[in-house]
file run.csv (CSV, C-alpha atoms)
chain,number,residue,atom,x,y,z
A,1,MET,CA,89.1,99.9,111.0
A,2,PHE,CA,92.4,101.7,110.6
A,3,ASP,CA,93.3,104.8,112.5
A,4,ILE,CA,95.6,107.4,110.9
A,5,TRP,CA,98.7,106.1,112.7
A,6,ASN,CA,98.2,102.5,111.6
A,7,ARG,CA,100.8,102.4,108.9
A,8,ARG,CA,104.5,101.8,108.6
A,9,TYR,CA,106.3,105.1,107.6
A,10,THR,CA,109.9,106.1,107.9
A,11,GLY,CA,110.2,109.0,110.4
A,12,SER,CA,106.7,108.8,111.8
A,13,LYS,CA,106.4,110.9,115.0
A,14,TYR,CA,103.4,109.0,116.4
A,15,LYS,CA,105.1,107.7,119.5
A,16,LEU,CA,106.8,111.0,120.1
A,17,MET,CA,103.7,113.2,119.9
A,18,PRO,CA,102.8,113.2,123.6
A,19,TRP,CA,106.2,114.7,124.3
A,20,ILE,CA,106.2,117.1,121.4
A,21,LYS,CA,102.6,118.3,122.1
A,22,GLN,CA,103.4,119.0,125.7
A,23,LEU,CA,106.4,121.1,124.8
A,24,ILE,CA,104.4,123.0,122.2
A,25,ILE,CA,101.8,123.7,124.9
A,26,GLU,CA,104.4,124.9,127.4
A,27,HIS,CA,106.5,127.0,125.0
A,28,CYS,CA,104.2,128.3,122.3
A,29,ASN,CA,101.9,130.9,123.9
A,30,GLU,CA,100.0,131.5,120.6
A,31,ARG,CA,99.0,128.3,118.8
A,32,SER,CA,95.5,128.7,117.4
A,33,THR,CA,96.8,128.1,113.8
A,34,PHE,CA,99.4,125.5,112.8
A,35,PHE,CA,101.3,125.0,109.6
A,36,ASP,CA,102.3,121.3,109.3
A,37,VAL,CA,104.9,121.9,106.6
A,38,PHE,CA,105.9,118.3,105.9
A,39,GLY,CA,102.8,116.4,106.9
A,40,GLY,CA,104.0,112.8,106.3
A,41,THR,CA,101.6,110.4,108.0
A,42,GLY,CA,99.3,113.2,109.2
A,43,VAL,CA,99.7,112.1,112.9
A,44,VAL,CA,101.1,115.5,113.9
A,45,THR,CA,98.0,117.3,112.6
A,46,ALA,CA,95.8,114.6,114.2
A,47,SER,CA,97.5,115.0,117.5
A,48,LEU,CA,97.2,118.8,117.6
A,49,LEU,CA,93.5,119.1,116.6
A,50,ASP,CA,92.4,119.7,120.2
A,51,ILE,CA,94.7,122.7,120.8
A,52,SER,CA,94.2,124.5,117.5
A,53,LYS,CA,91.4,126.2,115.5
A,54,LYS,CA,93.0,125.8,112.1
A,55,ILE,CA,95.8,123.5,110.7
A,56,ILE,CA,97.4,123.8,107.3
A,57,ILE,CA,98.9,120.5,106.3
A,58,ASN,CA,101.1,119.9,103.3
A,59,ASP,CA,103.0,117.0,101.7
A,60,PHE,CA,104.1,116.5,98.1
A,61,LEU,CA,103.1,112.8,97.9
A,62,PHE,CA,99.8,112.0,96.1
A,63,SER,CA,99.2,109.1,98.5
A,64,ASN,CA,99.6,111.3,101.6
A,65,GLU,CA,97.3,114.0,100.2
A,66,ILE,CA,94.4,111.6,99.6
A,67,ILE,CA,95.0,110.1,103.1
A,68,TYR,CA,94.6,113.6,104.6
A,69,LYS,CA,91.4,114.2,102.5
A,70,ALA,CA,90.0,110.9,103.7
A,71,PHE,CA,90.7,111.3,107.4
A,72,PHE,CA,90.1,115.0,107.8
A,73,ALA,CA,87.1,115.6,105.5
A,74,GLN,CA,84.0,116.7,107.4
A,75,SER,CA,80.7,115.9,105.8
A,76,VAL,CA,77.6,113.7,106.1
A,77,ASP,CA,78.0,110.2,107.6
A,78,ASN,CA,78.3,107.7,104.8
A,79,SER,CA,79.7,104.8,106.8
A,80,ASP,CA,76.9,102.3,106.0
A,81,LYS,CA,77.3,102.7,102.3
A,82,LEU,CA,81.1,102.3,102.6
A,83,LYS,CA,80.8,99.2,104.8
A,84,ASN,CA,78.5,97.6,102.2
A,85,ILE,CA,81.0,98.3,99.4
A,86,CYS,CA,83.8,96.9,101.6
A,87,SER,CA,81.9,93.8,102.3
A,88,LYS,CA,81.1,93.1,98.7
A,89,LEU,CA,84.7,93.6,97.7
A,90,ASN,CA,85.9,91.2,100.4
A,91,SER,CA,83.5,88.5,99.2
A,92,VAL,CA,85.2,88.3,95.8
A,93,ASP,CA,87.1,85.1,95.1
A,94,LYS,CA,90.5,86.5,94.2
A,95,ALA,CA,91.8,83.3,92.8
A,96,THR,CA,89.2,83.6,89.9
A,97,LEU,CA,90.2,87.1,89.0
A,98,SER,CA,92.0,88.0,85.8
A,99,ASP,CA,95.4,89.6,85.8
A,100,ASN,CA,95.6,93.3,86.2
A,101,TYR,CA,98.1,96.1,86.5
A,102,VAL,CA,98.9,95.3,90.1
A,103,SER,CA,99.2,91.6,89.7
A,104,ILE,CA,101.3,91.9,86.6
A,105,ASN,CA,103.8,94.3,88.2
A,106,TYR,CA,103.7,93.6,91.9
A,107,GLY,CA,102.4,90.0,92.2
A,108,GLY,CA,104.9,87.6,93.7
A,109,LYS,CA,107.1,90.6,94.6
A,110,TYR,CA,105.5,93.2,96.9
A,111,PHE,CA,102.3,91.1,97.4
A,112,ASN,CA,101.1,87.5,97.2
A,113,TYR,CA,100.0,87.0,93.6
A,114,ASP,CA,96.3,86.4,94.4
A,115,ASP,CA,96.3,89.3,96.8
A,116,ALA,CA,97.8,91.5,94.1
A,117,LYS,CA,94.9,90.5,91.8
A,118,LEU,CA,92.4,91.5,94.4
A,119,ILE,CA,94.2,94.8,95.2
A,120,GLY,CA,94.2,95.7,91.5
A,121,TYR,CA,90.6,94.6,91.1
A,122,ILE,CA,89.5,96.8,94.0
A,123,ARG,CA,91.4,99.8,92.7
A,124,GLU,CA,89.6,99.4,89.3
A,125,VAL,CA,86.2,99.1,90.9
A,126,ILE,CA,86.8,102.3,93.0
A,127,GLU,CA,87.8,104.2,89.9
A,128,SER,CA,84.9,103.0,87.9
A,129,GLU,CA,82.4,103.7,90.6
A,130,PHE,CA,83.6,107.3,90.9
A,131,LEU,CA,83.7,108.0,87.2
A,132,ASN,CA,80.2,106.6,86.9
A,133,GLY,CA,78.9,108.9,89.6
A,134,ASN,CA,78.1,106.1,92.1
A,135,ILE,CA,80.4,107.4,94.8
A,136,SER,CA,81.2,110.9,95.9
A,137,GLU,CA,84.7,112.4,95.9
A,138,GLN,CA,84.8,112.0,99.7
A,139,GLU,CA,83.8,108.4,99.4
A,140,TYR,CA,86.4,107.9,96.7
A,141,ASP,CA,89.1,109.4,98.9
A,142,ILE,CA,88.1,107.2,101.9
A,143,LEU,CA,88.1,104.0,99.8
A,144,ILE,CA,91.5,104.8,98.2
A,145,ALA,CA,93.0,105.6,101.6
A,146,SER,CA,91.5,102.4,103.0
A,147,LEU,CA,93.1,100.4,100.2
A,148,ILE,CA,96.5,101.9,100.9
A,149,TYR,CA,96.3,101.1,104.6
A,150,SER,CA,95.0,97.6,103.8
A,151,PHE,CA,97.7,96.6,101.3
A,152,ASP,CA,100.5,98.3,103.3
A,153,ARG,CA,99.7,96.0,106.2
A,154,CYS,CA,100.3,92.9,104.1
A,155,ALA,CA,103.1,94.2,101.8
A,156,ASN,CA,106.2,92.0,101.5
A,157,THR,CA,108.6,94.7,102.6
A,158,VAL,CA,110.5,95.9,105.6
A,159,GLY,CA,108.2,98.9,105.8
A,160,HIS,CA,109.0,100.9,102.7
A,161,TYR,CA,109.0,100.0,99.0
A,162,GLU,CA,112.7,100.6,98.1
A,163,ALA,CA,112.7,96.9,97.6
A,164,TYR,CA,110.7,93.8,98.4
A,165,ILE,CA,111.8,90.8,100.4
A,166,LYS,CA,113.1,88.0,98.2
A,167,ARG,CA,111.2,84.9,99.0
A,168,LYS,CA,109.4,82.1,97.1
A,169,ASP,CA,106.2,81.9,99.0
A,170,ILE,CA,104.4,85.1,100.1
A,171,MET,CA,101.5,84.4,102.4
A,172,SER,CA,98.0,85.6,101.4
A,173,THR,CA,97.0,88.0,104.2
A,174,PHE,CA,95.3,90.9,102.4
A,175,ARG,CA,91.9,92.0,103.6
A,176,PHE,CA,90.2,95.2,102.6
A,177,GLU,CA,89.3,97.3,105.7
A,178,LEU,CA,88.1,100.8,106.1
A,179,ILE,CA,89.8,103.7,107.7
A,180,ARG,CA,88.2,105.6,110.6
A,181,PRO,CA,87.8,109.3,109.6
A,182,ILE,CA,88.5,111.9,112.3
A,183,LYS,CA,85.7,114.1,113.5
A,184,THR,CA,86.8,117.6,114.5
A,185,ASP,CA,85.7,121.2,114.6
A,186,THR,CA,89.2,122.3,113.7
A,187,VAL,CA,89.5,123.8,110.2
A,188,ILE,CA,91.9,121.6,108.0
A,189,GLU,CA,93.4,123.1,104.9
A,190,ILE,CA,95.2,120.5,102.7
A,191,HIS,CA,98.0,121.2,100.2
A,192,ARG,CA,100.2,119.1,98.0
A,193,GLU,CA,102.9,121.5,97.1
A,194,ASP,CA,106.6,122.2,97.3
A,195,ALA,CA,107.0,123.3,100.9
A,196,ASN,CA,109.3,126.2,100.1
A,197,GLU,CA,106.9,127.7,97.6
A,198,LEU,CA,103.9,127.2,99.9
A,199,ALA,CA,105.7,128.8,102.8
A,200,LYS,CA,105.8,132.1,101.0
A,201,ARG,CA,102.0,132.3,101.1
A,202,ILE,CA,101.1,131.0,104.6
A,203,SER,CA,100.7,132.8,107.8
A,204,ALA,CA,100.2,130.9,111.1
A,205,ASP,CA,101.1,131.0,114.8
A,206,VAL,CA,103.2,127.9,114.7
A,207,ALA,CA,105.1,126.1,111.9
A,208,PHE,CA,106.0,122.4,112.5
A,209,ILE,CA,108.9,121.2,110.4
A,210,ASP,CA,109.9,117.6,110.1
A,211,PRO,CA,111.8,117.4,106.7
A,212,PRO,CA,113.4,114.3,105.2
A,213,TYR,CA,117.0,114.9,106.3
A,214,ASN,CA,118.8,112.0,104.6
A,215,SER,CA,119.2,111.0,100.9
A,216,ARG,CA,116.2,108.6,100.8
A,217,GLN,CA,113.6,110.2,98.6
A,218,TYR,CA,110.1,109.5,99.9
A,219,SER,CA,108.6,109.5,96.4
A,220,ARG,CA,110.9,106.5,95.7
A,221,PHE,CA,110.5,104.9,99.1
A,222,TYR,CA,106.7,104.8,98.7
A,223,HIS,CA,106.4,104.5,94.9
A,224,VAL,CA,103.9,101.6,95.1
A,225,LEU,CA,101.5,103.8,97.1
A,226,GLU,CA,102.0,106.7,94.7
A,227,THR,CA,101.4,104.5,91.6
A,228,ILE,CA,98.2,102.8,93.0
A,229,THR,CA,96.9,106.2,94.2
A,230,LYS,CA,97.4,108.0,90.9
A,231,TRP,CA,96.4,105.0,88.9
A,232,ASP,CA,98.0,106.4,85.7
A,233,LYS,CA,99.6,103.0,85.2
A,234,PRO,CA,103.2,104.0,84.2
A,235,VAL,CA,105.7,101.6,82.7
A,236,LEU,CA,107.7,100.2,85.7
A,237,LYS,CA,111.4,99.4,85.5
A,238,GLY,CA,114.1,97.7,87.5
A,239,VAL,CA,114.0,95.0,90.1
A,240,ALA,CA,112.0,97.2,92.4
A,241,MET,CA,109.5,98.0,89.7
A,242,LYS,CA,109.7,101.8,90.0
A,243,PRO,CA,108.0,104.4,87.8
A,244,PRO,CA,109.9,107.4,86.2
A,245,GLU,CA,111.2,109.8,88.8
A,246,GLU,CA,109.1,112.7,90.1
A,247,ASN,CA,108.7,114.8,93.2
A,248,MET,CA,112.4,114.5,94.0
A,249,SER,CA,113.2,116.6,97.1
A,250,ASP,CA,116.2,118.9,97.5
A,251,TYR,CA,116.0,118.1,101.2
A,252,CYS,CA,117.5,114.7,100.3
A,253,ARG,CA,120.5,116.3,98.4
A,254,SER,CA,123.6,118.2,99.3
A,255,LYS,CA,121.7,121.6,99.0
A,256,ALA,CA,119.4,120.6,102.0
A,257,ALA,CA,120.8,123.2,104.4
A,258,THR,CA,120.4,125.9,101.8
A,259,VAL,CA,116.7,125.1,101.0
A,260,LEU,CA,115.9,124.7,104.7
A,261,LYS,CA,117.3,128.2,105.4
A,262,LYS,CA,115.2,129.6,102.6
A,263,LEU,CA,112.1,127.9,104.1
A,264,ILE,CA,112.8,129.3,107.6
A,265,ASP,CA,113.5,132.8,106.2
A,266,ASP,CA,110.2,132.9,104.3
A,267,LEU,CA,108.0,131.7,107.2
A,268,ASP,CA,105.5,134.2,108.5
A,269,VAL,CA,104.9,132.6,112.0
A,270,LYS,CA,105.4,133.4,115.7
A,271,TYR,CA,107.0,130.0,116.6
A,272,ILE,CA,109.0,127.5,114.6
A,273,VAL,CA,109.1,123.8,115.9
A,274,VAL,CA,111.7,121.6,114.2
A,275,THR,CA,112.3,117.9,114.8
A,276,TYR,CA,115.8,116.4,114.3
A,277,ASN,CA,117.5,113.1,115.1
A,278,ASN,CA,121.1,112.1,115.4
A,279,THR,CA,121.3,109.8,112.4
A,280,TYR,CA,124.0,112.0,110.8
A,281,ASP,CA,126.5,109.7,112.6
A,282,SER,CA,124.9,106.6,110.9
A,283,LYS,CA,127.1,104.0,109.3
A,284,SER,CA,124.7,104.0,106.3
A,285,SER,CA,125.4,106.8,103.8
A,286,SER,CA,121.8,106.9,102.7
A,287,SER,CA,120.7,107.3,106.4
A,288,ARG,CA,123.2,110.0,107.2
A,289,ASN,CA,121.7,113.4,107.6
A,290,LYS,CA,122.2,116.0,104.9
A,291,ILE,CA,122.0,118.8,107.5
A,292,SER,CA,124.1,118.9,110.6
A,293,LEU,CA,123.0,119.8,114.1
A,294,GLU,CA,125.2,122.9,113.9
A,295,GLN,CA,123.6,124.1,110.7
A,296,ILE,CA,120.1,123.7,112.2
A,297,LYS,CA,121.1,125.7,115.2
A,298,ALA,CA,122.6,128.5,113.1
A,299,ILE,CA,119.5,128.7,110.8
A,300,LEU,CA,117.1,128.9,113.7
A,301,ASP,CA,119.2,131.3,115.8
A,302,SER,CA,119.1,133.7,112.9
A,303,LYS,CA,115.3,133.7,113.2
A,304,GLY,CA,114.9,134.2,116.9
A,305,HIS,CA,115.4,132.7,120.4
A,306,THR,CA,115.8,128.9,120.2
A,307,GLN,CA,115.4,126.3,122.9
A,308,ILE,CA,116.5,122.7,122.4
A,309,PHE,CA,114.9,119.6,124.0
A,310,GLU,CA,116.0,116.0,123.6
A,311,LYS,CA,114.5,112.6,124.3
A,312,GLU,CA,116.0,109.1,123.9
A,313,TYR,CA,114.0,107.3,121.4
A,314,HIS,CA,114.3,104.0,119.5
A,315,ARG,CA,112.9,105.0,116.1
A,316,PHE,CA,111.3,102.9,113.5
A,317,ASN,CA,114.1,101.5,111.3
A,318,ALA,CA,113.1,100.1,107.9
A,319,GLY,CA,116.6,99.0,107.0
A,320,LYS,CA,119.8,97.7,108.6
A,321,THR,CA,121.1,101.0,110.1
A,322,ASP,CA,121.9,100.7,113.8
A,323,VAL,CA,122.1,104.0,115.6
A,324,ALA,CA,123.4,103.6,119.1
A,325,GLU,CA,122.1,106.0,121.7
A,326,HIS,CA,119.6,107.5,119.3
A,327,LYS,CA,118.1,110.8,120.4
A,328,GLU,CA,115.3,112.9,119.0
A,329,LEU,CA,115.8,116.6,119.3
A,330,LEU,CA,113.1,119.3,119.3
A,331,PHE,CA,113.9,122.9,118.5
A,332,ILE,CA,111.4,125.6,119.5
A,333,THR,CA,112.2,129.1,118.2
A,334,GLU,CA,110.3,132.2,119.2
A,335,VAL,CA,110.6,134.4,116.2
A,336,LYS,CA,112.0,137.8,116.8
A,337,ASN,CA,110.1,140.8,115.5
A,338,ASN,CA,111.6,142.2,112.3
call {"tool": "encode", "arguments": {"input": "run.csv", "output": "structure tokens"}}
result
Amino acid sequence: MFDIWNRRYTGSKYKLMPWIKQLIIEHCNERSTFFDVFGGTGVVTASLLDISKKIIINDFLFSNEIIYKAFFAQSVDNSDKLKNICSKLNSVDKATLSDNYVSINYGGKYFNYDDAKLIGYIREVIESEFLNGNISEQEYDILIASLIYSFDRCANTVGHYEAYIKRKDIMSTFRFELIRPIKTDTVIEIHREDANELAKRISADVAFIDPPYNSRQYSRFYHVLETITKWDKPVLKGVAMKPPEENMSDYCRSKAATVLKKLIDDLDVKYIVVTYNNTYDSKSSSSRNKISLEQIKAILDSKGHTQIFEKEYHRFNAGKTDVAEHKELLFITEVKNN
């Protein structure tokens, strides 16, 4: 079974969370409610469950939203039913399956061709079972999230879907496995919205901010996950088989510092925790940060008293960028009273 951190995702904070969590405990005296502004993989929320009463998690990707709903939904135990569904789907002989949307578009590219047929077949079965009332919405979410985690493990990529690896023979390694939902008494509130708009309506003790600092748009990096999650079957174009653009973030553009300042100004919280890394010196223009360290400091200093902590860290690198002496920085700002 997959745990929430068992996926490849650019910028994941999983390995850094013990360090981040300890700093939050030490420097944020009030922390019963958290606002995870850019939820990403969801590992920040998962790591903070035991020190909070309520967490508001947000991300604008459809695939991340359904993953949150699957892992954090609290309801009756339906594991036996899901295990039976999973077993039946794994028993299908994928070589005998007909072509489908996934095999036509992604077969021989992002996945082994027969694996792609099975992935598409499973996605169709899940949709049909839900529309026919045979599975609940929670079961639907868990099965879709499980499919995402399963095909992400065997994808013919370097960890994202900006491109696939050019090779003639892609091994067949796909197997459908279930995720392991997280049981917690903490209240989880899930949003899929523009972070700047949502921030105007949220009050919390602590806001955790880990925005996409460089020009790589996450909606394009993970377009295969988005397309299979939404299952609206758009016409795909280009070598990378991408759908039409949507959910393009201003945090990946030249106006990043301006939108971050607006976000910070609108937050109604007691503490602001911001992660940052030193890739702004990267040789790769797409990896280079759109917001400088000096801009981050100035924005946070205008909100309150800021402390900066740093840790040497060899981050997950999905491309060819080599950042020497990489450091992860953590800013903790105690918001001043207005």
call {"tool": "closest_residue", "arguments": {"input": "run.csv", "among": "A:Lys109, A:Lys183, A:Arg153, A:Lys21", "to": "A:Ala70", "atoms": "only C-alpha atoms"}}
result
A:Lys183
call {"tool": "closest_residue", "arguments": {"input": "run.csv", "among": "A:Val43, A:Ile24, A:Ile104, A:Leu329", "to": "A:Met241", "atoms": "all atoms listed in the file"}}
result
A:Ile104
call {"tool": "atom_distance", "arguments": {"input": "run.csv", "atom1": "atom CA of A:Pro243", "atom2": "atom CA of A:Asp36"}}
result
27.9 Å
call {"tool": "atom_distance", "arguments": {"input": "run.csv", "atom1": "atom CA of A:Asp210", "atom2": "atom CA of A:Leu330"}}
result
9.9 Å
call {"tool": "residues_near_point", "arguments": {"input": "run.csv", "point": "(90.3, 106.3, 104.0)", "cutoff": "12 Å", "atoms": "all atoms listed in the file", "output": "PyMOL selection string"}}
result
chain A and resi 1-4+6+63-73+79+82-83+86+137-150+176-182+229
call {"tool": "residues_around", "arguments": {"input": "run.csv", "residues": "A:Leu48", "least_positions_apart": "6", "cutoff": "10 Å", "atoms": "all atoms listed in the file", "output": "PyMOL selection string"}}
result
chain A and resi 17-18+20-21+24-25+31+34+54-55+186
call {"tool": "closest_residue", "arguments": {"input": "run.csv", "among": "A:Leu89, A:Ile190, A:Ala195, A:Ile126", "to": "A:Phe174", "atoms": "only C-alpha atoms"}}
result
A:Leu89
call {"tool": "atom_distance", "arguments": {"input": "run.csv", "atom1": "atom CA of A:Tyr106", "atom2": "atom CA of A:Ala240"}}
result
9.1 Å
call {"tool": "decode", "arguments": {"input": "run.csv", "residues": "stretch 9-34 of chain A", "atoms": "N, CA and C atoms", "output": "mmCIF file, in the first residue's frame"}}
result
data_model
loop_
_atom_site.group_PDB
_atom_site.id
_atom_site.type_symbol
_atom_site.label_atom_id
_atom_site.label_comp_id
_atom_site.auth_asym_id
_atom_site.auth_seq_id
_atom_site.Cartn_x
_atom_site.Cartn_y
_atom_site.Cartn_z
ATOM 1 N N TYR A 9 7.814 14.056 -6.591
ATOM 2 C CA TYR A 9 7.172 15.355 -6.760
ATOM 3 C C TYR A 9 8.208 16.445 -6.523
ATOM 4 N N THR A 10 8.351 17.320 -7.488
ATOM 5 C CA THR A 10 9.328 18.391 -7.397
ATOM 6 C C THR A 10 9.027 19.294 -6.203
ATOM 7 N N GLY A 11 10.027 19.488 -5.343
ATOM 8 C CA GLY A 11 9.867 20.370 -4.196
ATOM 9 C C GLY A 11 9.269 19.721 -2.969
ATOM 10 N N SER A 12 9.072 18.407 -2.974
ATOM 11 C CA SER A 12 8.485 17.734 -1.813
ATOM 12 C C SER A 12 9.317 17.986 -0.560
ATOM 13 N N LYS A 13 8.625 18.255 0.541
ATOM 14 C CA LYS A 13 9.295 18.572 1.805
ATOM 15 C C LYS A 13 9.345 17.374 2.762
ATOM 16 N N TYR A 14 9.080 16.178 2.245
ATOM 17 C CA TYR A 14 8.967 15.009 3.121
ATOM 18 C C TYR A 14 10.205 14.820 4.003
ATOM 19 N N LYS A 15 11.380 14.818 3.402
ATOM 20 C CA LYS A 15 12.604 14.555 4.170
ATOM 21 C C LYS A 15 12.965 15.708 5.104
ATOM 22 N N LEU A 16 12.438 16.891 4.831
ATOM 23 C CA LEU A 16 12.739 18.054 5.659
ATOM 24 C C LEU A 16 11.744 18.246 6.799
ATOM 25 N N MET A 17 10.661 17.489 6.800
ATOM 26 C CA MET A 17 9.594 17.765 7.757
ATOM 27 C C MET A 17 9.973 17.603 9.229
ATOM 28 N N PRO A 18 10.814 16.651 9.610
ATOM 29 C CA PRO A 18 11.201 16.608 11.031
ATOM 30 C C PRO A 18 11.855 17.919 11.485
ATOM 31 N N TRP A 19 12.715 18.473 10.649
ATOM 32 C CA TRP A 19 13.386 19.749 10.952
ATOM 33 C C TRP A 19 12.381 20.897 10.977
ATOM 34 N N ILE A 20 11.522 20.970 9.969
ATOM 35 C CA ILE A 20 10.520 22.037 9.890
ATOM 36 C C ILE A 20 9.544 21.951 11.059
ATOM 37 N N LYS A 21 9.078 20.768 11.351
ATOM 38 C CA LYS A 21 8.097 20.585 12.422
ATOM 39 C C LYS A 21 8.659 21.006 13.778
ATOM 40 N N GLN A 22 9.903 20.639 14.044
ATOM 41 C CA GLN A 22 10.513 20.999 15.317
ATOM 42 C C GLN A 22 10.640 22.510 15.456
ATOM 43 N N LEU A 23 10.991 23.194 14.372
ATOM 44 C CA LEU A 23 11.100 24.657 14.417
ATOM 45 C C LEU A 23 9.738 25.295 14.642
ATOM 46 N N ILE A 24 8.692 24.738 14.034
ATOM 47 C CA ILE A 24 7.343 25.259 14.255
ATOM 48 C C ILE A 24 6.952 25.094 15.722
ATOM 49 N N ILE A 25 7.240 23.941 16.295
ATOM 50 C CA ILE A 25 6.920 23.692 17.697
ATOM 51 C C ILE A 25 7.656 24.670 18.608
ATOM 52 N N GLU A 26 8.915 24.942 18.294
ATOM 53 C CA GLU A 26 9.746 25.801 19.140
ATOM 54 C C GLU A 26 9.409 27.278 19.018
ATOM 55 N N HIS A 27 8.950 27.713 17.834
ATOM 56 C CA HIS A 27 8.836 29.154 17.587
ATOM 57 C C HIS A 27 7.426 29.652 17.301
ATOM 58 N N CYS A 28 6.450 28.751 17.199
ATOM 59 C CA CYS A 28 5.062 29.172 17.001
ATOM 60 C C CYS A 28 4.270 28.759 18.242
ATOM 61 N N ASN A 29 4.058 29.705 19.149
ATOM 62 C CA ASN A 29 3.434 29.381 20.430
ATOM 63 C C ASN A 29 1.962 29.003 20.290
ATOM 64 N N GLU A 30 1.306 29.519 19.282
ATOM 65 C CA GLU A 30 -0.084 29.160 19.002
ATOM 66 C C GLU A 30 -0.114 28.445 17.650
ATOM 67 N N ARG A 31 -0.621 27.207 17.642
ATOM 68 C CA ARG A 31 -0.551 26.419 16.415
ATOM 69 C C ARG A 31 -1.678 25.385 16.324
ATOM 70 N N SER A 32 -2.827 25.706 16.888
ATOM 71 C CA SER A 32 -3.921 24.737 16.832
ATOM 72 C C SER A 32 -4.585 24.694 15.452
ATOM 73 N N THR A 33 -4.464 25.777 14.674
ATOM 74 C CA THR A 33 -5.006 25.779 13.316
ATOM 75 C C THR A 33 -3.913 26.173 12.325
ATOM 76 N N PHE A 34 -3.787 25.375 11.249
ATOM 77 C CA PHE A 34 -2.786 25.616 10.208
ATOM 78 C C PHE A 34 -3.477 25.877 8.877
#
